[in-house]
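Engineer: One structure is given below, represented as structure tokens, and several questions about it will come after.
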Amino acid sequence: MLDLAIIGGGPAGLTAGLYATRGGLKDVVMFEMGMPGGQITGSSEIENYPGQEKVMSGLDLMQTWPEQAMKFGLKHEMKKTTSVVKNNDIFTLTTEDGNTYEAKAVLLATGSVPRRAGFKGENEFFGRGISTCATCDGFFYKGKEVAVIGGGDSALEEAVYLSKICSKVYVVHRRDTYRAAPTTIEHMKNTKNIEEVTNVDVEEVYGDMSGVTGLKVKSKIDGSIKDLAVPGVFVFVGRDVLNEPIKNEDGTFICETNKQGEVIVDLKMKTSLPGLYAAGDVRIDAAKQVVCAAGDGATAAVDIIEFLG
């Protein structure tokens with residue numbers, strides 16, 4: 001019987017494992033099918049993590065985290081968790097190989113992944129001029145022109161954020177209306193260095209060995225091609241929450257979620273199901289930053305220790 005099962009090995013899961021084991025829990029297992037570290041290991045440059053003065057890759061940033069957590073007793077099972085159910089006070093986890101594990105408490109730290117838009121060049125230049133995080137990568141385009149693809153709240157909010165750093169921001173959207181809140185739309189439209197490029201499809205993002213050099217969009221009205229010579233393209237067309245482990249066979253969830261499938265938690269990372277916690281990008285209102293995910297993991301672990309009392 002595990003004291004705590006952690007599903008996910010990114011910053012939230014690793015920090016929770018560190019705090020839980022150092023805080024006295026004996027049997028804590030982190031289920032992560034790959035190497036621990038999370039999505040941030042795919043980032044080429046990190047310069048906004050507190051205490052890290054030097055610019056480093058996400059892989060370098062996360063390199064020592066697993067070793068530190070495991071020093072205090074965190075165990076790593078390199079397995080994918082397919083389902084979590086609760087009977088009475090005990091959780092049962094099933095992994096992809098058919099094995100089951102029982103636990104007194106569970107932390108879901110599976111995160112979310114940016115949805116791809118599907119245009120030509122997106123995969124080729126992802127991380128080399130194409131980004132899904134303005135907070136992470138906007139500074140690299142200081143004083144330059146960039147494009148933002150999307151028409152929801154995230155896209156327009158990030159466009160406004162980038163407008164304070166970049167000389168010009170193109171908002172590229174397939175419609176001439178936006179899905180964002182009216183106040184967000186108004187704020188974007190009132191920002192002088194934002195130019196709207198609407199009613200278009202992204203034909204391709206192109207570049208060279210050094211990265212992106214521009215993108216081409218095609219008008220839905222007359223079929224004309226417009227070339228935007230930008231070194232940076234930010235894609236905000238939604239996120240896919242990795243919530244499969246807590247999904248019932250009928251498509252419902254074992255705890256409360258919002259319409260996007262993000263897990264609803266309180267300030268202690270508690271879900272609506274006692275003993276089940278969620279931390280990091282899988283929860284509602286996540287900032288999608290490493291430091292915030294780590295804070296979530298610590299917060300959850302401290303409360304889990306108290307819960308198991």
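Chain identifiers are assigned as A, B, and so on, following the order in which chains appear in the structure tokens; residues are numbered from 1 within each chain, and ligands are numbered from 1 in order of appearance.
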Run DSSP on the backbone and give me the residues of stretch 107-187 of chain A it puts in strand (DSSP E or B), as a list in words.

Structural biologist: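 So, restricting stretch 107-187 of chain A to strand (DSSP E or B), we get Leu107, Leu108, Ser112, Val113, Pro114, Lys120, Phe126, Ile130, Ser131, Glu145, Val146, Ala147, Val148, Ile149, Lys168, Val169, Tyr170, Val171, Val172 and His173 of chain A.
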
Engineer: Suppose we keep N, CA and C atoms; can you now write the selection as a tab-separated table (two decimals), in the first residue's frame?

Structural biologist:
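Result file follows (result.tsv):
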chain	number	residue	atom	x	y	z
A	107	LEU	N	-1.81	12.19	-6.36
A	107	LEU	CA	-1.60	13.52	-6.93
A	107	LEU	C	-1.53	13.40	-8.44
A	108	LEU	N	-2.41	14.09	-9.14
A	108	LEU	CA	-2.39	14.13	-10.60
A	108	LEU	C	-1.56	15.33	-11.04
A	112	SER	N	-0.48	19.47	-19.35
A	112	SER	CA	-1.26	19.66	-20.59
A	112	SER	C	-0.27	19.93	-21.71
A	113	VAL	N	-0.73	19.77	-22.93
A	113	VAL	CA	0.15	20.02	-24.08
A	113	VAL	C	-0.51	21.03	-25.00
A	114	PRO	N	0.28	21.96	-25.56
A	114	PRO	CA	-0.28	22.92	-26.51
A	114	PRO	C	-0.82	22.19	-27.73
A	120	LYS	N	2.09	23.83	-42.35
A	120	LYS	CA	3.39	23.39	-42.84
A	120	LYS	C	4.51	24.13	-42.11
A	126	PHE	N	9.32	24.12	-34.53
A	126	PHE	CA	8.89	24.23	-33.13
A	126	PHE	C	10.13	24.28	-32.23
A	130	ILE	N	9.14	28.97	-33.41
A	130	ILE	CA	7.73	28.75	-33.09
A	130	ILE	C	7.64	28.40	-31.62
A	131	SER	N	6.78	29.12	-30.90
A	131	SER	CA	6.65	28.95	-29.46
A	131	SER	C	5.18	28.93	-29.07
A	145	GLU	N	9.65	42.12	-34.82
A	145	GLU	CA	8.26	41.83	-35.16
A	145	GLU	C	7.98	40.34	-34.98
A	146	VAL	N	6.78	40.03	-34.46
A	146	VAL	CA	6.38	38.63	-34.29
A	146	VAL	C	4.93	38.47	-34.73
A	147	ALA	N	4.52	37.23	-34.87
A	147	ALA	CA	3.12	36.93	-35.21
A	147	ALA	C	2.53	36.03	-34.13
A	148	VAL	N	1.27	36.26	-33.82
A	148	VAL	CA	0.51	35.43	-32.89
A	148	VAL	C	-0.63	34.78	-33.67
A	149	ILE	N	-0.73	33.47	-33.61
A	149	ILE	CA	-1.79	32.74	-34.32
A	149	ILE	C	-2.84	32.29	-33.33
A	168	LYS	N	6.38	45.14	-33.20
A	168	LYS	CA	5.09	44.97	-33.83
A	168	LYS	C	4.62	43.53	-33.65
A	169	VAL	N	3.30	43.38	-33.49
A	169	VAL	CA	2.71	42.06	-33.33
A	169	VAL	C	1.58	41.89	-34.34
A	170	TYR	N	1.67	40.88	-35.16
A	170	TYR	CA	0.59	40.54	-36.07
A	170	TYR	C	-0.30	39.49	-35.40
A	171	VAL	N	-1.59	39.76	-35.32
A	171	VAL	CA	-2.54	38.77	-34.82
A	171	VAL	C	-3.17	38.09	-36.03
A	172	VAL	N	-2.85	36.83	-36.21
A	172	VAL	CA	-3.29	36.06	-37.38
A	172	VAL	C	-4.42	35.15	-36.96
A	173	HIS	N	-5.60	35.34	-37.61
A	173	HIS	CA	-6.77	34.56	-37.22
A	173	HIS	C	-7.58	34.15	-38.45

Engineer: Name the residues of stretch 136-184 of chain A that fall into alpha helix (DSSP H) according to DSSP on the backbone, using the chain letters and numbers of this document, as a ChimeraX atom specification.

Structural biologist: /A:136-137,153-163,182-184

Engineer: Rank nothing, just name the residue among A:Asn190, A:Ser154, A:Thr184, A:Ser83 nearest to A:Ile254, using only C-alpha atoms.

Structural biologist: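 Closest candidate: A:Ser83.
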
Engineer: Do you know which residues are at most 8 Å from stretch 30-32 of chain A counting only C-alpha atoms, after dropping those on the same chain fewer than 6 positions away, and could you put them as a VMD selection string?

Structural biologist: chain A and resid 5 to 9 13 to 14 17 74 to 81

Engineer: Would you compute the distance between atom CA of A:Gly150 and atom CA of A:Arg174? Give it in Å to one decimal.

Structural biologist: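 Interatomic distance, atom CA of A:Gly150 to atom CA of A:Arg174: 7.8 Å.
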
Engineer: Rank A:Gly73, A:Gly121, A:Gly251, A:Gly211 by their smallest atom-to-atom distance to A:Gly24, using only C-alpha atoms, and report the top residue only.

Structural biologist: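 Ranked by minimum distance to A:Gly24, first place goes to A:Gly73.
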